[in-house]
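Engineer: The structure is given below, and queries will be raised subsequently.
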Amino acid sequence: MRCLDRPVLRIIKVNKFKVSSEANFATSGQSRQDIKCDLLVVGGGAGGCSMAAKFASKLGKNKVVIVEPKDVHYYQPMWTLVGGGMKTLADSGRAMASVLPSDAHWVKDQVAEFSPKTNSVRTKGGDSIQYNFMLVAVGLKLDFHKIKGLEDALAKDPRVCSNYSPLYVDKTFKALQNFQGGPALFTFPNTPIKCAGAPQKVMYIFEEYLRKHGKRDAADIKYYTSLGVIFGVKKYAAVLLELCKKRGIEVTFRHNLIEVNSSASEATFENLDKPGGTLTQKYSFLHATPAMSTPEVLSKCADLVDKAGYLEVSKTNLQHVRFPNIFGIGDCTNAPTSKTAAAVAGQCGVVKKHLAAVMAGKPLPSVAYDGYTSCPLVTGYSSCILAEFDYDGQPLETLPFDQGKERWSTFFMKKTIMPQLYWHAMLNGYWEGPKLFRKAFHLGMGK
Ligand code: FAD
Ligand code: UQ1
């Protein structure tokens, strides 16, 4: 490995962190680089960007290297509102260069191979990056291809849409506006997904839109979920089931979408409780939520992952269980909570403190991640149920009223306040979840 002009490994102290190198970039012959850095952040999404901001400002210029291939950073939680015609896709994106911290060095590429035993990664473009510490934040990939005929239908059939991808989210509102009646299907796949509420939020918005436009009676709204419950937390599940009943939505549990035949207008589901059993349903509208998995570069690295392909971390501090100089954050880890940006926010503060302690060679602090996550369950054009809960599925509500009720105030937070909180506080490293507000609103009592 060649380096530019100075020894790479020198001990420097920046603020309270002791770090052992600063990033060095050496270009060999062509465009290939050998890079050394103190902290490597893989992925510049919600988790990677927020954590890079925290450490770049503490460690100083170019001590943090971020590998992220995309030009645009999307605020994905807004896509539910894009699908309902309340925001545009453009509203949900910012140039990646404008959100990544200016003190970090951005390698615009993707990691193609992890080598945790040699503290290095290789990028698709051929760069080699050597790190002292690494944060893995590569999120989840969307496996539309695992559902036969779905990619084709998404490409060609204007009645088939998905809020989950920037490629298709714009189709949702158009399909909703063009809907004239018949079966409208909404699906939840047979894998863990990000924002487990989003597959049904779109349905409640759809239902209200039809009511407002005098088309509700012509629609047969059906929710097919691979799960055995409508939502993983009892308190909110009870409210949502009641909502479906009240609004005439039929819920079918333990059914997984396996095929879309767009020319026959048919969706086929496997019955997860009856091996070999299938159910085929006509559709006039189909909102599909794809299966999801971690990016292959991670799932194929046996040293880093569990059997299901998730980064194997401690659930209390997100430190890797075999490599103490590696941490994870967000959707790609096996921390058993519901995968959301709100969970990422809750993880940020804990990961910051634990990673900083490991960097400084100090004992780990006692602060632990409790699984905090939140899902603003938008139920229409002006109402929301703001679910917040922990690893045990126990509600951890911030506001001083029952968030299990449909409210305009929590809808306003979702639509207007959360995006600002995300772009201005979280991505700049200043938002670690609402714990302090929760304590203040509950006069210091409770968790
Ligand atoms: P991401 O933000 O997805 O970022 C991962 C990054 O890693 C990406 O930028 C990607 O390009 C990069 N990457 C991937 N592979 C590589 C590689 N090999 N090398 C380098 N970089 C790589 N959350 C909420 O809190 N509230 C909500 O209301 C909500 N609603 C949602 C609605 C929808 C429709 C969707 C899709 C998501 C929603 N979420 C919501 C979930 C939230 O967006 C995610 O949980 C959050 O973005 C996870 O952050 P992350 O950093 O783990 O992953
Ligand atoms: C949150 O912290 C967060 O991260 C910025 C979200 O992501 C978009 C959320 O949707 C929610 C609900 C929270 C939790 C914050 C509060 C104030 C309840």
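Chain labels A, B, ... are given in the sequence in which chains occur in the structure tokens; within each chain residues are numbered consecutively from 1, and ligands are likewise numbered from 1 in the order shown.
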Which residues are near ligand 1 in this structure, taking near to mean any atom at most 7 Å from a ligand atom and counting only C-alpha atoms and all ligand atoms? Format them as an MDAnalysis selection string.
Structural biologist: chainID A and resid 42:48 67:70 73 75:80 109:112 137:140 163:165 194:195 198 295 297 329:332 339:344 374:376
Engineer: Give the residue list for ligand 2 at 10 Å, counting only C-alpha atoms and all ligand atoms, as a short mmCIF file (atom, residue, chain, number, x, y, z; two decimals) with all heavy atoms, in the first residue's frame, sorted by chain and then by residue number.
Structural biologist:
data_model
loop_
_atom_site.label_atom_id
_atom_site.label_comp_id
_atom_site.auth_asym_id
_atom_site.auth_seq_id
_atom_site.Cartn_x
_atom_site.Cartn_y
_atom_site.Cartn_z
N ALA A 46 -29.66 7.50 6.59
CA ALA A 46 -30.05 8.13 7.87
C ALA A 46 -28.99 7.89 8.96
O ALA A 46 -28.55 8.82 9.64
CB ALA A 46 -31.40 7.58 8.31
N TYR A 75 -35.25 11.43 2.14
CA TYR A 75 -35.94 11.27 3.41
C TYR A 75 -37.09 10.31 3.13
O TYR A 75 -38.19 10.70 2.75
CB TYR A 75 -36.42 12.64 3.90
CG TYR A 75 -37.26 12.59 5.15
CD1 TYR A 75 -36.75 12.06 6.33
CD2 TYR A 75 -38.56 13.07 5.16
CE1 TYR A 75 -37.53 12.00 7.47
CE2 TYR A 75 -39.35 13.03 6.30
CZ TYR A 75 -38.83 12.49 7.45
OH TYR A 75 -39.59 12.43 8.59
N GLN A 76 -36.82 9.01 3.29
CA GLN A 76 -37.77 7.98 2.87
C GLN A 76 -39.14 8.06 3.58
O GLN A 76 -40.17 7.74 2.99
CB GLN A 76 -37.16 6.58 3.06
CG GLN A 76 -35.88 6.36 2.27
CD GLN A 76 -35.14 5.08 2.67
OE1 GLN A 76 -35.74 4.03 2.88
NE2 GLN A 76 -33.83 5.18 2.80
N PRO A 77 -39.16 8.46 4.89
CA PRO A 77 -40.47 8.53 5.54
C PRO A 77 -41.48 9.43 4.82
O PRO A 77 -42.68 9.28 5.00
CB PRO A 77 -40.13 9.08 6.93
CG PRO A 77 -38.73 8.60 7.18
CD PRO A 77 -38.05 8.68 5.83
N MET A 78 -40.97 10.36 3.98
CA MET A 78 -41.91 11.24 3.26
C MET A 78 -42.64 10.52 2.14
O MET A 78 -43.65 11.00 1.62
CB MET A 78 -41.15 12.45 2.72
CG MET A 78 -42.05 13.58 2.30
SD MET A 78 -41.14 15.01 1.76
CE MET A 78 -40.81 15.84 3.31
N CYS A 195 -39.87 0.33 8.25
CA CYS A 195 -41.17 0.94 8.55
C CYS A 195 -42.33 -0.03 8.32
O CYS A 195 -43.04 0.04 7.31
CB CYS A 195 -41.40 2.21 7.76
SG CYS A 195 -42.78 3.13 8.51
N THR A 340 -36.70 1.66 11.70
CA THR A 340 -37.19 2.99 11.31
C THR A 340 -36.07 4.02 11.49
O THR A 340 -35.07 3.77 12.18
CB THR A 340 -38.37 3.45 12.19
OG1 THR A 340 -37.90 3.58 13.54
CG2 THR A 340 -39.53 2.49 12.15
N ALA A 341 -36.29 5.20 10.89
CA ALA A 341 -35.34 6.30 11.10
C ALA A 341 -35.40 6.75 12.56
O ALA A 341 -34.39 7.20 13.12
CB ALA A 341 -35.69 7.46 10.18
N ALA A 342 -36.57 6.63 13.17
CA ALA A 342 -36.70 6.99 14.58
C ALA A 342 -35.84 6.07 15.45
O ALA A 342 -35.20 6.51 16.41
CB ALA A 342 -38.17 6.90 15.00
N ALA A 343 -35.79 4.78 15.07
CA ALA A 343 -34.93 3.84 15.81
C ALA A 343 -33.46 4.24 15.62
O ALA A 343 -32.67 4.23 16.58
CB ALA A 343 -35.15 2.41 15.30
N VAL A 344 -33.12 4.64 14.39
CA VAL A 344 -31.75 5.09 14.12
C VAL A 344 -31.41 6.27 15.05
O VAL A 344 -30.32 6.31 15.65
CB VAL A 344 -31.59 5.51 12.64
CG1 VAL A 344 -30.25 6.20 12.40
CG2 VAL A 344 -31.73 4.31 11.72
N ALA A 345 -32.36 7.21 15.18
CA ALA A 345 -32.12 8.36 16.06
C ALA A 345 -31.85 7.89 17.48
O ALA A 345 -30.90 8.33 18.13
CB ALA A 345 -33.32 9.30 16.01
N GLY A 346 -32.68 6.96 17.94
CA GLY A 346 -32.50 6.42 19.30
C GLY A 346 -31.17 5.70 19.47
O GLY A 346 -30.60 5.70 20.57
N TYR A 372 -35.82 1.59 21.39
CA TYR A 372 -36.77 2.64 21.02
C TYR A 372 -36.97 2.72 19.51
O TYR A 372 -36.02 2.75 18.73
CB TYR A 372 -36.31 4.03 21.52
CG TYR A 372 -37.20 5.13 20.97
CD1 TYR A 372 -38.42 5.43 21.58
CD2 TYR A 372 -36.88 5.81 19.79
CE1 TYR A 372 -39.27 6.39 21.05
CE2 TYR A 372 -37.73 6.77 19.25
CZ TYR A 372 -38.93 7.04 19.89
OH TYR A 372 -39.78 7.98 19.34
N THR A 373 -38.22 2.75 19.11
CA THR A 373 -38.55 2.94 17.70
C THR A 373 -39.91 3.64 17.65
O THR A 373 -40.63 3.69 18.65
CB THR A 373 -38.57 1.59 16.96
OG1 THR A 373 -38.73 1.83 15.55
CG2 THR A 373 -39.70 0.67 17.42
N SER A 374 -40.21 4.19 16.50
CA SER A 374 -41.47 4.90 16.38
C SER A 374 -42.01 4.76 14.98
O SER A 374 -41.25 4.72 14.01
CB SER A 374 -41.27 6.39 16.71
OG SER A 374 -42.44 7.11 16.39
N CYS A 375 -43.32 4.68 14.87
CA CYS A 375 -43.95 4.56 13.56
C CYS A 375 -45.18 5.47 13.53
O CYS A 375 -46.19 5.16 14.15
CB CYS A 375 -44.35 3.10 13.33
SG CYS A 375 -44.93 2.83 11.66
N PRO A 376 -45.05 6.61 12.86
CA PRO A 376 -46.24 7.47 12.74
C PRO A 376 -47.21 6.83 11.75
O PRO A 376 -47.00 6.87 10.55
CB PRO A 376 -45.68 8.79 12.21
CG PRO A 376 -44.19 8.65 12.21
CD PRO A 376 -43.88 7.19 12.18
N LEU A 377 -48.26 6.20 12.29
CA LEU A 377 -49.22 5.48 11.44
C LEU A 377 -50.24 6.47 10.90
O LEU A 377 -51.28 6.75 11.53
CB LEU A 377 -49.91 4.38 12.27
CG LEU A 377 -48.94 3.25 12.67
CD1 LEU A 377 -49.31 2.64 14.02
CD2 LEU A 377 -48.91 2.17 11.59
N LEU A 386 -49.50 7.86 16.59
CA LEU A 386 -48.04 7.91 16.70
C LEU A 386 -47.56 6.78 17.63
O LEU A 386 -47.47 6.95 18.85
CB LEU A 386 -47.57 9.28 17.21
CG LEU A 386 -46.07 9.49 17.35
CD1 LEU A 386 -45.32 9.14 16.07
CD2 LEU A 386 -45.77 10.93 17.75
N ALA A 387 -47.23 5.63 17.02
CA ALA A 387 -46.74 4.50 17.81
C ALA A 387 -45.28 4.73 18.20
O ALA A 387 -44.46 5.12 17.37
CB ALA A 387 -46.86 3.22 16.99
N GLU A 388 -44.97 4.52 19.46
CA GLU A 388 -43.57 4.56 19.94
C GLU A 388 -43.45 3.43 20.95
O GLU A 388 -44.28 3.31 21.86
CB GLU A 388 -43.27 5.88 20.66
CG GLU A 388 -43.24 7.10 19.77
CD GLU A 388 -42.87 8.35 20.59
OE1 GLU A 388 -43.79 8.89 21.25
OE2 GLU A 388 -41.70 8.75 20.60
N LEU A 396 -43.70 3.57 24.52
CA LEU A 396 -42.78 4.55 25.13
C LEU A 396 -43.18 5.91 24.57
O LEU A 396 -42.44 6.49 23.78
CB LEU A 396 -41.34 4.26 24.71
CG LEU A 396 -40.44 3.34 25.50
CD1 LEU A 396 -39.03 3.32 24.91
CD2 LEU A 396 -40.38 3.75 26.97
N GLU A 397 -44.38 6.37 24.89
CA GLU A 397 -44.92 7.55 24.21
C GLU A 397 -44.32 8.84 24.75
O GLU A 397 -44.15 9.00 25.95
CB GLU A 397 -46.45 7.53 24.31
CG GLU A 397 -47.02 6.30 23.60
CD GLU A 397 -48.53 6.25 23.54
OE1 GLU A 397 -49.20 7.07 24.21
OE2 GLU A 397 -49.06 5.37 22.81
N THR A 398 -44.00 9.75 23.84
CA THR A 398 -43.34 11.00 24.20
C THR A 398 -44.33 12.04 24.72
O THR A 398 -44.06 12.73 25.70
CB THR A 398 -42.63 11.60 22.97
OG1 THR A 398 -41.69 10.65 22.49
CG2 THR A 398 -41.91 12.89 23.31
N LEU A 399 -45.47 12.16 24.03
CA LEU A 399 -46.36 13.29 24.27
C LEU A 399 -47.30 13.02 25.46
O LEU A 399 -47.58 11.85 25.76
CB LEU A 399 -47.16 13.57 23.00
CG LEU A 399 -46.23 13.84 21.80
CD1 LEU A 399 -46.99 13.78 20.49
CD2 LEU A 399 -45.54 15.20 21.95
N GLN A 403 -51.30 8.49 22.52
CA GLN A 403 -50.93 8.55 21.09
C GLN A 403 -51.59 7.43 20.27
O GLN A 403 -51.46 7.38 19.06
CB GLN A 403 -49.40 8.48 20.95
CG GLN A 403 -48.70 9.69 21.53
CD GLN A 403 -47.19 9.63 21.49
OE1 GLN A 403 -46.53 10.37 22.20
NE2 GLN A 403 -46.60 8.75 20.69
N THR A 410 -50.45 14.84 15.75
CA THR A 410 -49.35 13.94 15.41
C THR A 410 -49.19 13.84 13.88
O THR A 410 -48.08 13.64 13.38
CB THR A 410 -49.54 12.55 16.05
OG1 THR A 410 -50.87 12.09 15.78
CG2 THR A 410 -49.32 12.59 17.55
N MET A 413 -47.08 16.77 13.10
CA MET A 413 -45.67 16.48 13.42
C MET A 413 -45.04 15.67 12.30
O MET A 413 -43.93 15.95 11.85
CB MET A 413 -45.58 15.67 14.72
CG MET A 413 -45.74 16.51 15.97
SD MET A 413 -45.76 15.46 17.44
CE MET A 413 -44.06 14.98 17.56
N LYS A 414 -45.75 14.63 11.86
CA LYS A 414 -45.23 13.74 10.81
C LYS A 414 -44.97 14.53 9.51
O LYS A 414 -43.94 14.37 8.87
CB LYS A 414 -46.25 12.61 10.58
CG LYS A 414 -46.18 11.90 9.25
CD LYS A 414 -45.05 10.91 9.19
CE LYS A 414 -44.89 10.32 7.81
NZ LYS A 414 -43.68 9.54 7.65
N LYS A 415 -45.95 15.38 9.15
CA LYS A 415 -45.86 16.04 7.85
C LYS A 415 -44.91 17.24 7.86
O LYS A 415 -44.18 17.49 6.91
CB LYS A 415 -47.26 16.49 7.42
CG LYS A 415 -47.31 17.03 6.01
CD LYS A 415 -48.73 17.37 5.57
CE LYS A 415 -48.70 18.11 4.24
NZ LYS A 415 -49.95 18.79 3.97
N ILE A 417 -43.07 18.69 11.03
CA ILE A 417 -41.94 18.83 11.97
C ILE A 417 -40.85 17.79 11.72
O ILE A 417 -39.66 18.12 11.70
CB ILE A 417 -42.44 18.76 13.44
CG1 ILE A 417 -43.39 19.94 13.67
CG2 ILE A 417 -41.28 18.79 14.42
CD1 ILE A 417 -44.01 19.99 15.03
N MET A 418 -41.25 16.52 11.50
CA MET A 418 -40.25 15.45 11.34
C MET A 418 -39.26 15.70 10.21
O MET A 418 -38.06 15.47 10.40
CB MET A 418 -40.91 14.08 11.13
CG MET A 418 -41.67 13.58 12.34
SD MET A 418 -40.63 13.54 13.79
CE MET A 418 -41.87 13.39 15.03
N PRO A 419 -39.72 16.18 9.03
CA PRO A 419 -38.73 16.42 7.98
C PRO A 419 -37.67 17.44 8.40
O PRO A 419 -36.47 17.28 8.13
CB PRO A 419 -39.57 16.94 6.80
CG PRO A 419 -40.95 16.44 7.06
CD PRO A 419 -41.10 16.39 8.55
N GLN A 420 -38.12 18.50 9.08
CA GLN A 420 -37.17 19.54 9.53
C GLN A 420 -36.19 18.96 10.55
O GLN A 420 -34.99 19.22 10.53
CB GLN A 420 -37.92 20.73 10.17
CG GLN A 420 -38.90 21.40 9.23
CD GLN A 420 -38.24 21.91 7.96
OE1 GLN A 420 -37.11 22.40 7.99
NE2 GLN A 420 -38.91 21.74 6.82
N LEU A 421 -36.77 18.15 11.47
CA LEU A 421 -35.94 17.51 12.50
C LEU A 421 -34.87 16.63 11.84
O LEU A 421 -33.71 16.59 12.27
CB LEU A 421 -36.87 16.65 13.36
CG LEU A 421 -36.36 16.12 14.68
CD1 LEU A 421 -36.09 17.26 15.62
CD2 LEU A 421 -37.42 15.19 15.31
N TYR A 422 -35.30 15.94 10.79
CA TYR A 422 -34.39 15.02 10.08
C TYR A 422 -33.27 15.79 9.36
O TYR A 422 -32.09 15.53 9.60
CB TYR A 422 -35.20 14.21 9.08
CG TYR A 422 -34.37 13.15 8.34
CD1 TYR A 422 -34.11 11.93 8.92
CD2 TYR A 422 -33.89 13.40 7.06
CE1 TYR A 422 -33.37 10.96 8.24
CE2 TYR A 422 -33.16 12.43 6.36
CZ TYR A 422 -32.90 11.22 6.97
OH TYR A 422 -32.18 10.27 6.29
N TRP A 423 -33.67 16.74 8.50
CA TRP A 423 -32.66 17.42 7.68
C TRP A 423 -31.73 18.29 8.52
O TRP A 423 -30.51 18.32 8.29
CB TRP A 423 -33.32 18.32 6.62
CG TRP A 423 -34.10 17.60 5.57
CD1 TRP A 423 -35.45 17.72 5.33
CD2 TRP A 423 -33.62 16.65 4.60
NE1 TRP A 423 -35.81 16.90 4.28
CE2 TRP A 423 -34.72 16.24 3.81
CE3 TRP A 423 -32.37 16.09 4.32
CZ2 TRP A 423 -34.61 15.31 2.77
CZ3 TRP A 423 -32.26 15.17 3.29
CH2 TRP A 423 -33.36 14.80 2.54
N HIS A 424 -32.31 19.00 9.50
CA HIS A 424 -31.49 20.01 10.18
C HIS A 424 -30.84 19.51 11.46
O HIS A 424 -29.72 19.89 11.76
CB HIS A 424 -32.33 21.26 10.45
CG HIS A 424 -32.87 21.86 9.20
ND1 HIS A 424 -32.06 22.38 8.22
CD2 HIS A 424 -34.14 21.95 8.73
CE1 HIS A 424 -32.80 22.78 7.20
NE2 HIS A 424 -34.07 22.54 7.48
N ALA A 425 -31.53 18.63 12.20
CA ALA A 425 -30.94 18.17 13.47
C ALA A 425 -30.29 16.80 13.31
O ALA A 425 -29.09 16.64 13.55
CB ALA A 425 -32.01 18.14 14.55
N MET A 426 -31.07 15.83 12.85
CA MET A 426 -30.54 14.45 12.85
C MET A 426 -29.33 14.30 11.93
O MET A 426 -28.27 13.80 12.35
CB MET A 426 -31.64 13.48 12.44
CG MET A 426 -31.21 12.03 12.55
SD MET A 426 -32.64 10.96 12.51
CE MET A 426 -31.87 9.41 12.07
N LEU A 427 -29.46 14.72 10.68
CA LEU A 427 -28.33 14.50 9.74
C LEU A 427 -27.10 15.31 10.13
O LEU A 427 -25.99 15.00 9.69
CB LEU A 427 -28.75 14.82 8.30
CG LEU A 427 -29.79 13.88 7.67
CD1 LEU A 427 -29.94 14.17 6.19
CD2 LEU A 427 -29.47 12.40 7.88
N TRP A 431 -29.65 15.03 16.78
CA TRP A 431 -30.93 14.46 17.27
C TRP A 431 -30.72 13.01 17.64
O TRP A 431 -30.29 12.21 16.82
CB TRP A 431 -32.00 14.59 16.18
CG TRP A 431 -33.32 13.95 16.53
CD1 TRP A 431 -33.89 12.87 15.93
CD2 TRP A 431 -34.25 14.36 17.55
NE1 TRP A 431 -35.11 12.58 16.49
CE2 TRP A 431 -35.36 13.46 17.50
CE3 TRP A 431 -34.26 15.37 18.51
CZ2 TRP A 431 -36.45 13.58 18.36
CZ3 TRP A 431 -35.35 15.48 19.36
CH2 TRP A 431 -36.43 14.59 19.28
N GLU A 432 -30.98 12.71 18.92
CA GLU A 432 -30.78 11.34 19.41
C GLU A 432 -32.10 10.75 19.91
O GLU A 432 -32.13 9.95 20.84
CB GLU A 432 -29.70 11.34 20.50
CG GLU A 432 -28.36 11.84 19.95
CD GLU A 432 -27.26 11.91 20.99
OE1 GLU A 432 -27.55 11.71 22.19
OE2 GLU A 432 -26.11 12.18 20.60
N GLY A 433 -33.20 11.19 19.31
CA GLY A 433 -34.51 10.68 19.70
C GLY A 433 -35.12 11.54 20.79
O GLY A 433 -34.46 12.40 21.37
N PRO A 434 -36.40 11.29 21.08
CA PRO A 434 -37.16 12.20 21.94
C PRO A 434 -37.11 11.90 23.44
O PRO A 434 -37.94 12.38 24.20
CB PRO A 434 -38.59 12.02 21.41
CG PRO A 434 -38.63 10.61 20.95
CD PRO A 434 -37.25 10.25 20.47
N LYS A 435 -36.12 11.11 23.87
CA LYS A 435 -36.09 10.65 25.28
C LYS A 435 -36.20 11.81 26.29
O LYS A 435 -36.97 11.74 27.25
CB LYS A 435 -34.79 9.88 25.52
CG LYS A 435 -34.78 9.07 26.78
CD LYS A 435 -33.56 8.15 26.80
CE LYS A 435 -33.65 7.20 27.95
NZ LYS A 435 -32.69 6.10 27.83
N LEU A 436 -35.44 12.88 26.03
CA LEU A 436 -35.46 14.00 27.00
C LEU A 436 -36.83 14.66 27.06
O LEU A 436 -37.32 15.00 28.13
CB LEU A 436 -34.39 15.03 26.63
CG LEU A 436 -32.95 14.53 26.76
CD1 LEU A 436 -31.96 15.60 26.30
CD2 LEU A 436 -32.65 14.11 28.21
N PHE A 437 -37.47 14.79 25.87
CA PHE A 437 -38.82 15.37 25.84
C PHE A 437 -39.80 14.46 26.58
O PHE A 437 -40.67 14.91 27.31
CB PHE A 437 -39.30 15.55 24.39
CG PHE A 437 -38.52 16.60 23.65
CD1 PHE A 437 -37.43 16.25 22.88
CD2 PHE A 437 -38.88 17.92 23.75
CE1 PHE A 437 -36.71 17.23 22.20
CE2 PHE A 437 -38.18 18.91 23.07
CZ PHE A 437 -37.08 18.55 22.30
N ARG A 438 -39.62 13.14 26.38
CA ARG A 438 -40.52 12.19 27.04
C ARG A 438 -40.42 12.34 28.56
O ARG A 438 -41.42 12.40 29.27
CB ARG A 438 -40.15 10.76 26.62
CG ARG A 438 -41.14 9.71 27.09
CD ARG A 438 -40.87 8.38 26.42
NE ARG A 438 -39.64 7.76 26.84
CZ ARG A 438 -38.66 7.41 26.02
NH1 ARG A 438 -38.76 7.63 24.73
NH2 ARG A 438 -37.58 6.84 26.48
#
Engineer: Skip Glu270 in chain A itself and residues of its chain fewer than 4 positions away, then list as a PyMOL selection string all residues within 10 Å of it, counting only C-alpha atoms.
Structural biologist: chain A and resi 226+254-259+274-280
Engineer: Kindly export the residues of the current selection with C-alpha atoms, as an mmCIF file, in the first residue's frame.
Structural biologist:
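result25.cif written:
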data_model
loop_
_atom_site.group_PDB
_atom_site.id
_atom_site.type_symbol
_atom_site.label_atom_id
_atom_site.label_comp_id
_atom_site.auth_asym_id
_atom_site.auth_seq_id
_atom_site.Cartn_x
_atom_site.Cartn_y
_atom_site.Cartn_z
ATOM 1 C CA SER A 226 -47.580 -12.336 5.918
ATOM 2 C CA ARG A 254 -50.451 -15.110 6.905
ATOM 3 C CA HIS A 255 -50.659 -14.576 3.139
ATOM 4 C CA ASN A 256 -47.556 -13.597 1.159
ATOM 5 C CA LEU A 257 -47.612 -12.121 -2.359
ATOM 6 C CA ILE A 258 -45.633 -14.445 -4.667
ATOM 7 C CA GLU A 259 -46.778 -13.508 -8.175
ATOM 8 C CA LYS A 274 -50.851 -24.290 4.539
ATOM 9 C CA PRO A 275 -47.741 -25.411 2.605
ATOM 10 C CA GLY A 276 -48.533 -25.447 -1.131
ATOM 11 C CA GLY A 277 -51.788 -23.532 -0.572
ATOM 12 C CA THR A 278 -52.294 -20.426 -2.729
ATOM 13 C CA LEU A 279 -54.962 -17.795 -3.249
ATOM 14 C CA THR A 280 -55.380 -15.792 -6.472
#
Engineer: Mind pulling up the distance from CA of Glu406 in chain A to CA of Thr379 in chain A?
Structural biologist: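 One can read the CA of Thr379 in chain A to CA of Glu406 in chain A distance as 7.4 Å.
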Engineer: Nearest to Ala335 in chain A among A:Phe323, A:Phe285, A:Phe114, A:Tyr391, with distances taken over only C-alpha atoms: which residue is it?
Structural biologist: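 Closest residue, counting only C-alpha atoms: A:Tyr391.
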Engineer: Taking only C-alpha atoms into account, which of A:Phe144, A:Ala291, A:Gly248, A:Gly126 comes nearest Ala196 in chain A?
Structural biologist: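 The answer is A:Ala291, which sits nearest to Ala196 in chain A.
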Engineer: So how many Å separate CA of Lys246 in chain A and CA of Lys234 in chain A, to one decimal?
Structural biologist: 18.3 Å
Engineer: Write down as a VMD selection string the residues belonging to range 83-331 of chain A that are assigned strand (DSSP E or B) by DSSP computed on the backbone.
Structural biologist: chain A and resid 93 to 95 105 to 107 111 to 115 120 to 123 128 to 136 141 to 143 148 160 to 161 182 to 188 194 219 to 225 250 to 252 255 to 261 266 to 271 278 to 282 285 to 287 291 to 293 305 311 313 319 to 320 326 to 328
Engineer: So that I can check the surroundings of Gly393 in chain A, please list as a VMD selection string every protein, DNA and RNA residue that reaches within 8 Å of it, counting only C-alpha atoms and ignoring chain neighbours fewer than 2 positions away.
Structural biologist: chain A and resid 232 to 234 389 to 391 395
Engineer: Mind listing the helix (DSSP H, G or I) residues of range 245-404 of chain A, per DSSP on the backbone, as a PyMOL selection string?
Structural biologist: chain A and resi 245-246+296-299+330-332+341-360
Engineer: Report as a list in words all protein, DNA and RNA residues lying within 8 Å of Ala95 in chain A, evaluated on only C-alpha atoms, omitting residues in the same chain fewer than 4 positions from it.
Structural biologist: Asp71, Val72, His73 and Val99 of chain A
Engineer: Please produce a file of those selected residues containing C-alpha atoms, as a PDB file, in the first residue's frame.
Structural biologist:
ATOM      1  CA  ASP A  71     -26.104  11.294  -5.647  1.00  0.00           C
ATOM      2  CA  VAL A  72     -29.365  11.925  -3.821  1.00  0.00           C
ATOM      3  CA  HIS A  73     -30.169  11.400  -0.152  1.00  0.00           C
ATOM      4  CA  VAL A  99     -26.018  16.495   3.512  1.00  0.00           C
TER       5      VAL A  99
END
Engineer: Quick one: residues within 7 Å of Val321 in chain A, only C-alpha atoms, excluding same-chain residues fewer than 4 positions away - as a ChimeraX atom specification?
Structural biologist: /A:312-314
Engineer: Wanna dump the range 26-89 of chain A-range 205-218 of chain A contacts at 9 Å for me, each residue with its shortest atom pair and the distance in Å to one decimal, counting only C-alpha atoms, ordered by chain and number, as JSON lines?
Structural biologist:
{"residue": "A:Thr80", "atom": "CA", "partner": "A:Ile205", "partner_atom": "CA", "distance": 8.9}
{"residue": "A:Leu81", "atom": "CA", "partner": "A:Ile205", "partner_atom": "CA", "distance": 8.8}
{"residue": "A:Gly83", "atom": "CA", "partner": "A:Ile205", "partner_atom": "CA", "distance": 8.7}
{"residue": "A:Gly84", "atom": "CA", "partner": "A:Ile205", "partner_atom": "CA", "distance": 6.2}
Engineer: Let me see the file: selected residues, all heavy atoms, as a compact mmCIF listing (two decimals), in the first residue's frame.
Structural biologist:
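Now in out_38.txt:
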# COMPACT_ATOMS: atom_id res chain seq x y z
N THR A 80 -44.58 8.05 2.06
CA THR A 80 -45.99 7.76 2.37
C THR A 80 -46.84 8.96 1.94
O THR A 80 -47.93 8.80 1.38
CB THR A 80 -46.15 7.50 3.89
OG1 THR A 80 -45.47 6.28 4.20
CG2 THR A 80 -47.60 7.39 4.31
N LEU A 81 -46.33 10.16 2.21
CA LEU A 81 -47.09 11.37 1.86
C LEU A 81 -47.02 11.64 0.35
O LEU A 81 -47.98 12.15 -0.24
CB LEU A 81 -46.55 12.56 2.65
CG LEU A 81 -46.53 12.38 4.18
CD1 LEU A 81 -46.01 13.63 4.87
CD2 LEU A 81 -47.92 12.04 4.72
N GLY A 83 -46.98 9.30 -1.91
CA GLY A 83 -47.96 8.35 -2.45
C GLY A 83 -49.39 8.86 -2.33
O GLY A 83 -50.26 8.51 -3.12
N GLY A 84 -49.62 9.70 -1.32
CA GLY A 84 -50.97 10.24 -1.10
C GLY A 84 -51.16 11.60 -1.77
O GLY A 84 -52.20 12.23 -1.59
Engineer: Could you name the residues that touch Thr118 in chain A at 12 Å or less, counting only C-alpha atoms, but leaving out those on the same chain fewer than 2 positions away, as an MDAnalysis selection string?
Structural biologist: chainID A and resid 113:116 120:122 128:134 303 323 325
Engineer: Using only C-alpha atoms, find the one residue out of A:Gly361, A:Ala288, A:Ser57, A:Ser102 that sits nearest to Ala153 in chain A.
Structural biologist: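 So, comparing all the options, the nearest one is A:Ala288.
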